Structure formats: C-alpha cells, structure tokens
file data-v3.cif (mmCIF, C-alpha atoms (C1' of nucleotides))
data_entry
loop_
_atom_site.label_atom_id
_atom_site.label_comp_id
_atom_site.auth_asym_id
_atom_site.auth_seq_id
_atom_site.Cartn_x
_atom_site.Cartn_y
_atom_site.Cartn_z
CA MET R 128 -1.25 0.78 -36.65
CA SER R 129 1.47 -1.63 -35.68
CA HIS R 130 1.27 -1.57 -31.91
CA VAL R 131 -2.27 -0.29 -31.39
CA VAL R 132 -4.48 -2.76 -29.58
CA ALA R 133 -7.96 -3.47 -30.84
CA LEU R 134 -10.46 -1.64 -28.61
CA THR R 135 -14.03 -1.25 -29.78
CA ASP R 136 -15.77 2.14 -29.48
CA ARG R 137 -17.73 0.70 -26.63
CA GLY R 138 -14.52 -0.50 -25.08
CA LEU R 139 -13.12 3.01 -25.29
CA GLU R 140 -16.14 4.49 -23.51
CA PHE R 141 -15.84 1.79 -20.93
CA SER R 142 -12.17 2.59 -20.37
CA GLU R 143 -13.16 6.16 -19.56
CA LEU R 144 -15.51 4.92 -16.88
CA LEU R 145 -12.73 2.80 -15.39
CA ALA R 146 -10.41 5.80 -15.36
CA GLU R 147 -13.03 7.86 -13.53
CA VAL R 148 -13.55 5.11 -10.98
CA PHE R 149 -9.83 5.12 -10.25
CA ARG R 150 -9.73 8.90 -10.04
CA VAL R 151 -12.76 9.23 -7.77
CA ASN R 152 -11.51 6.40 -5.58
CA GLY R 153 -8.20 8.18 -5.07
CA LEU R 154 -9.93 11.46 -4.30
CA LEU R 155 -12.26 9.74 -1.85
CA LEU R 156 -9.35 8.18 0.00
CA THR R 157 -7.71 11.58 0.27
CA ALA R 158 -10.96 13.13 1.44
CA GLY R 159 -11.43 10.35 3.97
CA ASP R 160 -8.00 10.93 5.42
CA ALA R 161 -8.71 14.65 5.60
CA LEU R 162 -11.91 13.93 7.52
CA ALA R 163 -10.14 11.49 9.82
CA GLN R 164 -7.03 13.53 10.53
CA PRO R 165 -8.55 16.11 12.92
CA ALA R 166 -9.77 13.19 15.02
CA GLY R 167 -6.27 11.71 15.12
CA LEU R 168 -7.26 8.91 12.74
CA THR R 169 -6.56 7.55 9.28
CA SER R 170 -9.15 5.98 6.98
CA ALA R 171 -8.03 2.47 7.91
CA ARG R 172 -8.09 3.14 11.66
CA TRP R 173 -11.45 4.85 11.36
CA GLN R 174 -12.92 1.84 9.62
CA VAL R 175 -11.67 -0.50 12.32
CA LEU R 176 -13.02 1.71 15.11
CA SER R 177 -16.33 1.82 13.32
CA VAL R 178 -16.55 -1.98 13.17
CA VAL R 179 -15.51 -2.41 16.80
CA ASP R 180 -18.11 0.21 17.76
CA HIS R 181 -20.83 -2.24 16.77
CA GLY R 182 -19.84 -4.46 19.66
CA PRO R 183 -16.90 -6.46 21.04
CA ILE R 184 -15.35 -8.47 18.22
CA THR R 185 -12.20 -10.46 17.51
CA VAL R 186 -9.57 -9.52 14.94
CA ALA R 187 -10.55 -12.40 12.66
CA GLN R 188 -14.24 -11.47 12.80
CA ALA R 189 -13.45 -7.83 12.07
CA ALA R 190 -11.31 -8.81 9.10
CA ARG R 191 -14.13 -10.89 7.64
CA THR R 192 -16.58 -8.03 8.18
CA MET R 193 -14.30 -5.58 6.42
CA GLY R 194 -13.25 -7.92 3.63
CA LEU R 195 -9.57 -7.57 4.54
CA ALA R 196 -6.84 -10.02 5.46
CA ARG R 197 -6.48 -10.88 9.15
CA GLN R 198 -2.96 -9.55 9.21
CA THR R 199 -3.99 -6.17 7.85
CA VAL R 200 -6.58 -5.66 10.56
CA ARG R 201 -4.18 -6.97 13.15
CA GLU R 202 -1.65 -4.27 12.26
CA THR R 203 -4.21 -1.49 12.40
CA VAL R 204 -5.61 -2.78 15.68
CA SER R 205 -2.15 -2.91 17.18
CA SER R 206 -1.56 0.75 16.33
CA LEU R 207 -4.98 1.66 17.75
CA VAL R 208 -4.07 -0.16 20.97
CA SER R 209 -0.83 1.85 21.12
CA LEU R 210 -2.91 5.00 20.69
CA GLY R 211 -5.14 3.96 23.57
CA MET R 212 -8.23 3.84 21.37
CA ILE R 213 -8.85 0.11 21.54
CA ALA R 214 -8.45 -2.29 24.47
CA HIS R 215 -8.45 -6.08 24.75
CA GLU R 216 -10.91 -8.11 26.78
CA ASP R 217 -10.71 -11.80 27.56
CA ASN R 218 -12.98 -13.92 25.41
CA PRO R 219 -14.77 -16.60 27.43
CA HIS R 220 -15.55 -18.54 24.24
CA ASP R 221 -12.03 -18.64 22.79
CA ARG R 222 -8.85 -18.34 24.78
CA ARG R 223 -6.81 -17.35 21.69
CA ALA R 224 -9.03 -14.60 20.33
CA ARG R 225 -9.39 -11.71 22.73
CA LEU R 226 -12.25 -9.30 22.14
CA LEU R 227 -11.63 -5.74 20.98
CA VAL R 228 -13.49 -2.88 22.66
CA LEU R 229 -13.38 0.88 22.23
CA THR R 230 -11.82 2.99 24.95
CA ALA R 231 -13.30 6.38 25.79
CA ARG R 232 -10.63 7.98 23.66
CA GLY R 233 -11.40 5.69 20.73
CA ARG R 234 -15.10 6.37 20.99
CA SER R 235 -14.74 10.12 21.01
CA ALA R 236 -12.31 10.06 18.07
CA LEU R 237 -14.80 7.95 16.13
CA ARG R 238 -17.70 10.28 16.92
CA ALA R 239 -15.69 13.30 15.85
CA ALA R 240 -14.83 11.68 12.50
CA GLU R 241 -18.44 10.62 11.95
CA ARG R 242 -19.75 14.11 12.59
CA ARG R 243 -17.32 15.57 10.09
CA GLN R 244 -18.15 12.88 7.54
CA ALA R 245 -21.90 13.41 7.82
CA ALA R 246 -21.53 17.10 7.11
CA TRP R 247 -19.23 16.36 4.18
CA VAL R 248 -21.52 13.73 2.64
CA ASN R 249 -24.61 15.88 3.00
CA HIS R 250 -22.79 18.79 1.40
CA LEU R 251 -21.71 16.72 -1.60
CA ALA R 252 -25.02 14.90 -1.95
CA ALA R 253 -26.90 18.20 -2.06
CA ARG R 254 -24.95 19.05 -5.21
CA THR R 255 -25.91 15.91 -7.12
CA SER R 256 -29.05 14.97 -9.00
CA LEU R 257 -30.84 12.17 -7.19
CA PRO R 258 -31.93 10.15 -10.27
CA ASP R 259 -28.45 10.40 -11.80
CA LEU R 260 -26.99 9.30 -8.51
CA ARG R 261 -29.20 6.23 -8.36
CA ALA R 262 -28.51 5.35 -11.99
CA ALA R 263 -24.76 5.56 -11.49
CA THR R 264 -24.94 3.49 -8.31
CA ASP R 265 -26.94 0.82 -10.12
CA LEU R 266 -24.53 0.68 -13.03
CA LEU R 267 -21.56 0.34 -10.73
CA ARG R 268 -23.33 -2.33 -8.74
CA ASP R 269 -24.03 -4.32 -11.91
CA LEU R 270 -20.45 -3.83 -13.04
CA GLY R 271 -19.22 -5.01 -9.66
CA ASP R 272 -21.41 -8.10 -9.88
CA LEU R 273 -20.11 -8.76 -13.39
CA LEU R 274 -16.52 -8.42 -12.19
CA GLU R 275 -17.13 -10.79 -9.33
CA SER R 276 -18.32 -13.56 -11.60
CA MET C 58 -30.61 8.51 19.02
CA SER C 59 -27.58 9.27 21.08
CA HIS C 60 -24.77 8.23 18.76
CA VAL C 61 -26.53 8.37 15.38
CA VAL C 62 -25.04 10.92 13.04
CA ALA C 63 -27.33 13.14 10.99
CA LEU C 64 -27.30 11.90 7.39
CA THR C 65 -29.95 13.16 5.00
CA ASP C 66 -31.78 10.71 2.71
CA ARG C 67 -29.75 12.13 -0.13
CA GLY C 68 -26.63 11.62 1.92
CA LEU C 69 -27.56 7.97 2.39
CA GLU C 70 -28.00 7.42 -1.35
CA PHE C 71 -24.72 9.15 -1.89
CA SER C 72 -23.00 6.89 0.62
CA GLU C 73 -24.14 3.89 -1.40
CA LEU C 74 -22.47 5.31 -4.48
CA LEU C 75 -19.25 5.79 -2.54
CA ALA C 76 -19.39 2.20 -1.32
CA GLU C 77 -19.83 0.98 -4.90
CA VAL C 78 -16.90 3.06 -6.08
CA PHE C 79 -14.70 1.44 -3.43
CA ARG C 80 -15.96 -2.00 -4.29
CA VAL C 81 -15.53 -1.64 -8.06
CA ASN C 82 -12.12 -0.09 -7.57
CA GLY C 83 -10.97 -3.07 -5.55
CA LEU C 84 -12.36 -5.51 -8.10
CA LEU C 85 -10.68 -3.59 -10.93
CA LEU C 86 -7.32 -3.75 -9.18
CA THR C 87 -7.70 -7.49 -8.76
CA ALA C 88 -8.74 -7.86 -12.40
CA GLY C 89 -5.82 -5.70 -13.50
CA ASP C 90 -3.37 -7.86 -11.62
CA ALA C 91 -4.93 -10.97 -13.13
CA LEU C 92 -4.47 -9.48 -16.61
CA ALA C 93 -0.90 -8.47 -15.86
CA GLN C 94 0.25 -11.65 -14.17
CA PRO C 95 0.54 -13.90 -17.26
CA ALA C 96 2.84 -11.26 -18.75
CA GLY C 97 5.00 -11.33 -15.62
CA LEU C 98 3.74 -7.90 -14.54
CA THR C 99 1.74 -6.22 -11.81
CA SER C 100 -0.63 -3.29 -12.31
CA ALA C 101 1.97 -0.80 -11.16
CA ARG C 102 4.73 -2.20 -13.38
CA TRP C 103 2.38 -2.34 -16.32
CA GLN C 104 1.49 1.32 -15.92
CA VAL C 105 5.15 2.32 -15.83
CA LEU C 106 5.95 0.24 -18.93
CA SER C 107 3.03 1.85 -20.68
CA VAL C 108 4.31 5.35 -19.93
CA VAL C 109 7.87 4.52 -20.95
CA ASP C 110 6.50 2.99 -24.15
CA HIS C 111 5.49 6.48 -25.31
CA GLY C 112 9.14 7.41 -25.58
CA PRO C 113 12.30 7.75 -23.48
CA ILE C 114 11.46 9.56 -20.26
CA THR C 115 13.04 10.26 -16.89
CA VAL C 116 11.71 8.96 -13.58
CA ALA C 117 10.57 12.42 -12.50
CA GLN C 118 8.73 13.01 -15.78
CA ALA C 119 7.05 9.62 -15.56
CA ALA C 120 5.97 10.33 -11.98
CA ARG C 121 4.38 13.60 -13.04
CA THR C 122 2.62 11.91 -15.94
CA MET C 123 1.21 9.23 -13.67
CA GLY C 124 0.32 11.53 -10.80
CA LEU C 125 2.53 9.59 -8.39
CA ALA C 126 5.42 10.50 -6.12
CA ARG C 127 8.90 10.28 -7.63
CA GLN C 128 9.94 7.71 -5.09
CA THR C 129 7.05 5.42 -5.93
CA VAL C 130 7.94 5.35 -9.61
CA ARG C 131 11.60 5.00 -8.77
CA GLU C 132 10.92 1.80 -6.83
CA THR C 133 8.81 0.28 -9.59
CA VAL C 134 11.38 1.24 -12.23
CA SER C 135 14.14 -0.31 -10.19
CA SER C 136 12.29 -3.61 -10.05
CA LEU C 137 11.61 -3.44 -13.79
CA VAL C 138 15.31 -2.87 -14.39
CA SER C 139 16.05 -5.96 -12.28
CA LEU C 140 13.59 -7.88 -14.43
CA GLY C 141 15.36 -6.70 -17.57
CA MET C 142 12.28 -4.91 -18.87
CA ILE C 143 13.62 -1.37 -18.66
CA ALA C 144 17.11 -0.05 -19.41
CA HIS C 145 18.83 3.26 -18.71
CA GLU C 146 20.23 5.59 -21.35
CA ASP C 147 22.40 8.62 -20.79
CA ASN C 148 20.50 11.88 -21.01
CA PRO C 149 22.45 14.52 -22.96
CA HIS C 150 20.31 17.27 -21.42
CA ASP C 151 20.70 16.28 -17.75
CA ARG C 152 23.54 14.26 -16.33
CA ARG C 153 21.50 13.31 -13.23
CA ALA C 154 18.35 12.08 -14.89
CA ARG C 155 18.99 9.11 -17.13
CA LEU C 156 16.33 8.20 -19.67
CA LEU C 157 14.25 5.06 -19.33
CA VAL C 158 13.69 2.86 -22.37
CA LEU C 159 11.93 -0.46 -22.89
CA THR C 160 13.98 -3.55 -23.55
CA ALA C 161 12.69 -6.18 -25.95
CA ARG C 162 11.49 -8.19 -22.98
CA GLY C 163 9.67 -5.17 -21.52
CA ARG C 164 8.00 -4.40 -24.81
CA SER C 165 6.71 -7.90 -25.36
CA ALA C 166 5.41 -8.14 -21.78
CA LEU C 167 3.58 -4.85 -22.29
CA ARG C 168 2.05 -5.98 -25.59
CA ALA C 169 0.88 -9.22 -24.05
CA ALA C 170 -0.82 -7.38 -21.19
CA GLU C 171 -2.43 -4.90 -23.58
CA ARG C 172 -3.84 -7.65 -25.76
CA ARG C 173 -5.36 -9.37 -22.76
CA GLN C 174 -6.77 -6.10 -21.47
CA ALA C 175 -8.37 -5.18 -24.78
CA ALA C 176 -10.20 -8.48 -24.93
CA TRP C 177 -11.30 -8.07 -21.31
CA VAL C 178 -12.53 -4.50 -21.76
CA ASN C 179 -14.40 -5.30 -24.95
CA HIS C 180 -16.03 -8.27 -23.27
CA LEU C 181 -17.23 -6.20 -20.31
CA ALA C 182 -18.24 -3.21 -22.42
CA ALA C 183 -20.42 -5.40 -24.61
CA ARG C 184 -22.48 -6.26 -21.55
CA THR C 185 -23.24 -2.66 -20.59
CA SER C 186 -25.77 -0.19 -21.97
CA LEU C 187 -23.98 2.61 -23.78
CA PRO C 188 -26.17 5.52 -22.57
CA ASP C 189 -26.03 4.28 -18.98
CA LEU C 190 -22.30 3.97 -19.29
CA ARG C 191 -21.93 7.55 -20.49
CA ALA C 192 -24.24 8.86 -17.78
CA ALA C 193 -22.31 7.10 -15.05
CA THR C 194 -18.99 8.33 -16.42
CA ASP C 195 -20.30 11.88 -16.50
CA LEU C 196 -21.57 11.72 -12.96
CA LEU C 197 -18.29 10.37 -11.68
CA ARG C 198 -16.40 13.03 -13.62
CA ASP C 199 -18.52 15.75 -12.04
CA LEU C 200 -18.08 14.20 -8.64
CA GLY C 201 -14.33 14.04 -9.18
CA ASP C 202 -14.26 17.70 -10.16
CA LEU C 203 -16.30 18.56 -7.08
CA LEU C 204 -13.92 16.62 -4.88
CA GLU C 205 -10.92 18.32 -6.40
CA SER C 206 -12.22 21.78 -5.56
"C1'" DC M 29 -12.18 -39.92 24.19
"C1'" DC M 30 -9.00 -39.11 20.68
"C1'" DT M 31 -7.65 -37.73 16.21
"C1'" DT M 32 -8.11 -34.69 12.22
"C1'" DT M 33 -9.38 -30.33 10.41
"C1'" DT M 34 -10.23 -25.53 10.91
"C1'" DT M 35 -9.53 -21.24 13.04
"C1'" DT M 36 -6.72 -17.91 15.32
"C1'" DG M 37 -3.05 -14.64 16.46
"C1'" DA M 38 1.59 -13.86 15.60
"C1'" DC M 39 5.73 -13.54 12.67
"C1'" DA M 40 8.25 -12.80 8.22
"C1'" DG M 41 8.44 -10.78 3.94
"C1'" DG M 42 6.77 -8.40 -0.36
"C1'" DG M 43 4.16 -4.72 -3.17
"C1'" DC M 44 2.87 -0.11 -3.69
"C1'" DA M 45 1.83 4.35 -2.11
"C1'" DC M 46 3.41 8.43 0.77
"C1'" DT M 47 6.70 12.06 3.23
"C1'" DG M 48 11.07 14.16 4.45
"C1'" DT M 49 15.96 14.74 3.65
"C1'" DC M 50 20.32 15.12 1.09
"C1'" DA M 51 23.94 16.07 -2.34
"C1'" DA M 52 24.50 16.71 -7.12
"C1'" DT M 53 23.08 19.11 -10.98
"C1'" DC M 54 20.55 22.29 -13.73
"C1'" DT M 55 18.35 26.90 -14.48
"C1'" DG M 56 17.31 31.62 -14.06
"C1'" DT M 57 18.98 36.08 -12.64
"C1'" DC M 58 21.99 39.53 -11.70
"C1'" DG Q 34 30.62 33.94 -14.53
"C1'" DA Q 35 28.68 33.47 -10.01
"C1'" DC Q 36 25.08 32.91 -6.96
"C1'" DA Q 37 20.24 31.49 -5.47
"C1'" DG Q 38 16.60 28.59 -6.20
"C1'" DA Q 39 14.45 24.54 -8.37
"C1'" DT Q 40 14.83 19.81 -9.85
"C1'" DT Q 41 16.61 15.19 -9.60
"C1'" DG Q 42 17.77 10.57 -8.00
"C1'" DA Q 43 18.79 8.25 -3.93
"C1'" DC Q 44 18.11 7.00 0.96
"C1'" DA Q 45 15.30 6.36 5.19
"C1'" DG Q 46 11.07 5.72 7.34
"C1'" DT Q 47 5.74 5.08 7.50
"C1'" DG Q 48 1.06 3.27 6.26
"C1'" DC Q 49 -1.79 -0.20 4.49
"C1'" DC Q 50 -2.61 -4.07 1.85
"C1'" DC Q 51 -1.29 -8.96 0.61
"C1'" DT Q 52 0.60 -14.08 1.03
"C1'" DG Q 53 2.75 -17.85 3.44
"C1'" DT Q 54 4.02 -20.15 7.67
"C1'" DC Q 55 3.65 -21.65 12.47
"C1'" DA Q 56 2.00 -23.21 17.06
"C1'" DA Q 57 -1.84 -23.12 20.01
"C1'" DA Q 58 -6.63 -23.56 20.63
"C1'" DA Q 59 -11.18 -24.82 19.12
"C1'" DA Q 60 -14.41 -27.58 16.44
"C1'" DA Q 61 -15.75 -31.65 14.03
"C1'" DG Q 62 -15.92 -36.49 13.39
"C1'" DG Q 63 -15.22 -41.06 14.36
#

call {"tool": "encode", "arguments": {"input": "data-v3.cif", "output": "structure tokens"}}
result
Amino acid sequence: MSHVVALTDRGLEFSELLAEVFRVNGLLLTAGDALAQPAGLTSARWQVLSVVDHGPITVAQAARTMGLARQTVRETVSSLVSLGMIAHEDNPHDRRARLLVLTARGRSALRAAERRQAAWVNHLAARTSLPDLRAATDLLRDLGDLLES
Amino acid sequence: MSHVVALTDRGLEFSELLAEVFRVNGLLLTAGDALAQPAGLTSARWQVLSVVDHGPITVAQAARTMGLARQTVRETVSSLVSLGMIAHEDNPHDRRARLLVLTARGRSALRAAERRQAAWVNHLAARTSLPDLRAATDLLRDLGDLLES
DNA sequence: CCTTTTTTGACAGGGCACTGTCAATCTGTC
DNA sequence: GACAGATTGACAGTGCCCTGTCAAAAAAGG
C-alpha cells in the first residue's frame, strides 16, 4: 500500500456523496441549458433576467444577489443588451450605476423558460419520495453550512 | 397571478434540493482548489494528474475517462507540461498520440494534494450521520439516473 | 466644506469548459 | 494493398466564472 492514501470507511462513503453532487450538478446545468435554449437563453442569461425581473437593479446589486463577481454579471448583461432583452435606465440616485430593466423581448423569453422549467420540475418531483427529498435537502444544507465554516 | 408559474408543492421542495446541490457544488469546488493550491495545483490539474497516475495514457483516453472534451484535457495537460509535472513519451501503437506520464514533480504534487484531501474528507465525514449520508447519496444517484434518461 | 474610504462600471487577463474544423494517422473492409 | 471511415492532436472561437486594476462617483467622517 505504498501510495494509497488513508481514507476511513466513512470517508469513502462521503466521497461517493461528493461524486454524486458533482454528477447531478453537471446534469442539472445541462438540463437548465436545454430548458433555456428554446427561449433563446442560456442558464446564466436566464438567471440574470430572472433577477432583473424582480425590479430595476444595478449590475453590482445583481451580482451581490446572485453571489457572483461584478464582472461576470456585467458580461452576461452586456450580451443580453446586445440581444435586446435588457435595457439601461438612468439612475437618479447614482450617476455611475444605470438601472437594468427587461425589454418586452427579455420578458417573454424569461416567461417561456419559466413555463418549461415548471413543467420539468413538477415532472421530476412527482417521481421522488417526499420524505427522502426533504432528508437529502437537509443533509446537503448541513454539509453546505459545514463547508462554509 | 399573472406571471406566477405553476409549481406544485412537491416541485417547490424539489427546487430547494436543486438549490442546495448548486450551493454545495460551488463550495466543494472552492474547497478543492484550497486543497490543491498548496501543492501548486488547481482542481482541474489535480484530476488530470490523478488519471495519469493510473498509468501512461493519451489525451483522448484521459478525456474519455474524465467525461470531458478532448480539447479541455489538452489545455490542462499543456499547462501541466509547462509546469514540469507531466512529460510525453512516444507511443509505439500510435504515432499521433503520445503517452502522458508523471514526472517526479507531478507525482509529489499529486501525493501532497491527496494527503490533504484525505484528512479533509475524513474530518467532514466524521461529522455526518452514516445512514443519512447513504440515503442522500442514493437519492442523488437516482436523481442523476433520472436526469440522464 | 473638504478629505478619505468605499462603491461602481469598465478594462485586461487567466482558468476551465464547450463546439467546430483540419490534416495526419490508424483501422476495418473489400 | 488500397480505399473509406474513425480517431487524434492541434487550432480557432465561445461562454462563464474569477482576480486585479483604474478612474469616476458616491458616502462617510472630520
């Protein structure tokens, strides 16, 4: 056992969970893009539209809301502006930070994606046991809290 | 309820699980990078080293093993070659596809990362209930299978 | 007020994933 | 052996995430 690293049995089980998290995450991203594509969106653009839909907001505020870097949101916003889905409005409170608003095109793309997503989520959720679902969510939440500390 | 999309109660619970998967995935990536950094690695480079560690392999084979595009692995390999952690060997069976092998530097970086990871996993695993852990893994596995179909 | 600190959008550059394309090479078939 | 199809590494381009830097604007404090 020269190069084998010491993992406890528990550690091994845990590693399997981590692997599944990675796998499901990847599959979810793919599924998200598949849901977004017919609306002319990607997952990232969808998420931005969804945040802007809650009301006029600046890039920096949106980035904080989404837990992303300002620059990341800025890039996505700039492509959404090119697509005519987001427009700028002057911000009376801050001359630097213009407000983002949805255009009609942006709003209808968002609604289309949301309708598709709702059907998809309901379909998947109907195939899962509710108690198991809650238990798994709780465990992941605890794990997330543990990882954050 | 003009713009509200129809999500069942079950669908709502399910959405929470999805949010936790995204959150934990992000935290795991950050943790992985933190584990890799002292060894002079990133998560992606670490994964490539780990695959190459199982024996000489070509870029295309490694990409298939890891479930990534050839080009992605090619880029990471090229940076690892620049770092002196991976070397090329002629492949007697295919003149195009040279074999990748670990250098001494690559091997020691990999071992260092693995040692740190083992300690980290064991530490986290010790703080989690074993039955809950198995249940969550199973649910995610089923969900992954469902998503793949 | 005026100065210091913070916030903001913009720019530059890097990491990691993808797709599409191409020529070279390998493989299977006739 | 020759030809057709698959595989391979390399190149080009895209998306999405990050950090660091900068000047302008806003906010905070004296």

call {"tool": "resolve_selection", "arguments": {"input": "data-v3.cif", "expression": "the PyMOL selection byres ((chain R) within 12 of (chain Q))", "output": "list in words"}}
result
Asp160, Leu168, Thr169, Ser170, Ala171, Arg172, Gly194, Leu195, Ala196, Arg197, Gln198, Thr199, Val200, Arg201, Glu202, Thr203, Ser206, His220, Asp221, Arg222, Arg223 and Ala224 of chain R

call {"tool": "atom_distance", "arguments": {"input": "data-v3.cif", "atom1": "atom CA of C:Leu157", "atom2": "atom CA of C:Gly141"}}
result
11.9 Å

call {"tool": "atom_distance", "arguments": {"input": "data-v3.cif", "atom1": "atom CA of R:Pro183", "atom2": "atom CA of R:Leu237"}}
result
15.4 Å

call {"tool": "axis_aligned_box", "arguments": {"input": "data-v3.cif", "around": "stretch 177-191 of chain C", "padding_each_side": "4 Å", "output": "JSON"}}
result
{"center_x": -18.7, "center_y": -0.4, "center_z": -22.0, "size_x": 22.9, "size_y": 23.8, "size_z": 14.0}

call {"tool": "interface_residues", "arguments": {"input": "data-v3.cif", "of": "chain M", "to": "chain R", "cutoff": "9 Å", "atoms": "all atoms listed in the file", "output": "PDB file with C-alpha atoms (C1' of nucleotides), in the coordinates of the input"}}
result
ATOM      1  C1'  DT M  35      -9.530 -21.240  13.040  1.00  0.00           C
ATOM      2  C1'  DT M  36      -6.720 -17.910  15.320  1.00  0.00           C
ATOM      3  C1'  DG M  37      -3.050 -14.640  16.460  1.00  0.00           C
ATOM      4  C1'  DA M  38       1.590 -13.860  15.600  1.00  0.00           C
TER       5       DA M  38
END

call {"tool": "closest_residue", "arguments": {"input": "data-v3.cif", "among": "C:Leu74, C:Ala161, C:Leu140, C:Met123", "to": "chain R", "atoms": "all atoms listed in the file"}}
result
C:Leu74

call {"tool": "interface_residues", "arguments": {"input": "data-v3.cif", "of": "chain C", "to": "chain R", "cutoff": "6 Å", "atoms": "only C-alpha atoms", "output": "NGL selection string"}}
result
:C and (64 or 67-68 or 71 or 74 or 81 or 175 or 178-179 or 182 or 193-194 or 201)

call {"tool": "atom_distance", "arguments": {"input": "data-v3.cif", "atom1": "atom CA of C:Val158", "atom2": "atom CA of C:Ala144"}}
result
5.4 Å

call {"tool": "residues_near_point", "arguments": {"input": "data-v3.cif", "point": "(6.0, -4.4, -26.0)", "cutoff": "9 Å", "atoms": "all atoms listed in the file", "output": "PyMOL selection string"}}
result
(chain R and resi 130) or (chain C and resi 106-107+110+159-171)

call {"tool": "residues_around", "arguments": {"input": "data-v3.cif", "residues": "C:Leu156", "least_positions_apart": "5", "cutoff": "7 Å", "atoms": "only C-alpha atoms (C1' of nucleotides)", "output": "ChimeraX atom specification"}}
result
/C:113-115,145-148

call {"tool": "build_atoms", "arguments": {"input": "data-v3.cif", "residues": "stretch 203-218 of chain R", "atoms": "N, CA and C atoms", "output": "PDB file, in the frame of the given file"}}
result
ATOM      1  N   THR R 203      -3.491  -2.711  12.077  1.00  0.00           N
ATOM      2  CA  THR R 203      -4.210  -1.490  12.400  1.00  0.00           C
ATOM      3  C   THR R 203      -4.669  -1.500  13.852  1.00  0.00           C
ATOM      4  N   VAL R 204      -5.172  -2.645  14.293  1.00  0.00           N
ATOM      5  CA  VAL R 204      -5.610  -2.780  15.680  1.00  0.00           C
ATOM      6  C   VAL R 204      -4.446  -2.517  16.621  1.00  0.00           C
ATOM      7  N   SER R 205      -3.289  -3.056  16.276  1.00  0.00           N
ATOM      8  CA  SER R 205      -2.150  -2.910  17.180  1.00  0.00           C
ATOM      9  C   SER R 205      -1.748  -1.438  17.309  1.00  0.00           C
ATOM     10  N   SER R 206      -1.886  -0.679  16.213  1.00  0.00           N
ATOM     11  CA  SER R 206      -1.560   0.750  16.330  1.00  0.00           C
ATOM     12  C   SER R 206      -2.644   1.471  17.129  1.00  0.00           C
ATOM     13  N   LEU R 207      -3.897   1.028  16.987  1.00  0.00           N
ATOM     14  CA  LEU R 207      -4.980   1.660  17.750  1.00  0.00           C
ATOM     15  C   LEU R 207      -4.839   1.350  19.242  1.00  0.00           C
ATOM     16  N   VAL R 208      -4.323   0.167  19.561  1.00  0.00           N
ATOM     17  CA  VAL R 208      -4.070  -0.160  20.970  1.00  0.00           C
ATOM     18  C   VAL R 208      -2.961   0.755  21.511  1.00  0.00           C
ATOM     19  N   SER R 209      -1.911   0.943  20.698  1.00  0.00           N
ATOM     20  CA  SER R 209      -0.830   1.850  21.120  1.00  0.00           C
ATOM     21  C   SER R 209      -1.360   3.252  21.361  1.00  0.00           C
ATOM     22  N   LEU R 210      -2.341   3.659  20.552  1.00  0.00           N
ATOM     23  CA  LEU R 210      -2.910   5.000  20.690  1.00  0.00           C
ATOM     24  C   LEU R 210      -3.915   5.084  21.834  1.00  0.00           C
ATOM     25  N   GLY R 211      -4.187   3.959  22.457  1.00  0.00           N
ATOM     26  CA  GLY R 211      -5.140   3.960  23.570  1.00  0.00           C
ATOM     27  C   GLY R 211      -6.584   4.101  23.119  1.00  0.00           C
ATOM     28  N   MET R 212      -6.865   3.710  21.882  1.00  0.00           N
ATOM     29  CA  MET R 212      -8.230   3.840  21.370  1.00  0.00           C
ATOM     30  C   MET R 212      -8.986   2.508  21.379  1.00  0.00           C
ATOM     31  N   ILE R 213      -8.246   1.436  21.482  1.00  0.00           N
ATOM     32  CA  ILE R 213      -8.850   0.110  21.540  1.00  0.00           C
ATOM     33  C   ILE R 213      -8.195  -0.656  22.684  1.00  0.00           C
ATOM     34  N   ALA R 214      -8.980  -1.451  23.398  1.00  0.00           N
ATOM     35  CA  ALA R 214      -8.450  -2.290  24.470  1.00  0.00           C
ATOM     36  C   ALA R 214      -8.867  -3.734  24.230  1.00  0.00           C
ATOM     37  N   HIS R 215      -8.136  -4.660  24.857  1.00  0.00           N
ATOM     38  CA  HIS R 215      -8.450  -6.080  24.750  1.00  0.00           C
ATOM     39  C   HIS R 215      -9.267  -6.531  25.954  1.00  0.00           C
ATOM     40  N   GLU R 216     -10.143  -7.487  25.701  1.00  0.00           N
ATOM     41  CA  GLU R 216     -10.910  -8.110  26.780  1.00  0.00           C
ATOM     42  C   GLU R 216     -10.817  -9.614  26.605  1.00  0.00           C
ATOM     43  N   ASP R 217     -10.751 -10.350  27.696  1.00  0.00           N
ATOM     44  CA  ASP R 217     -10.710 -11.800  27.560  1.00  0.00           C
ATOM     45  C   ASP R 217     -11.995 -12.310  26.936  1.00  0.00           C
ATOM     46  N   ASN R 218     -11.839 -13.328  26.092  1.00  0.00           N
ATOM     47  CA  ASN R 218     -12.980 -13.920  25.410  1.00  0.00           C
ATOM     48  C   ASN R 218     -13.306 -15.265  26.047  1.00  0.00           C
TER      49      ASN R 218
END
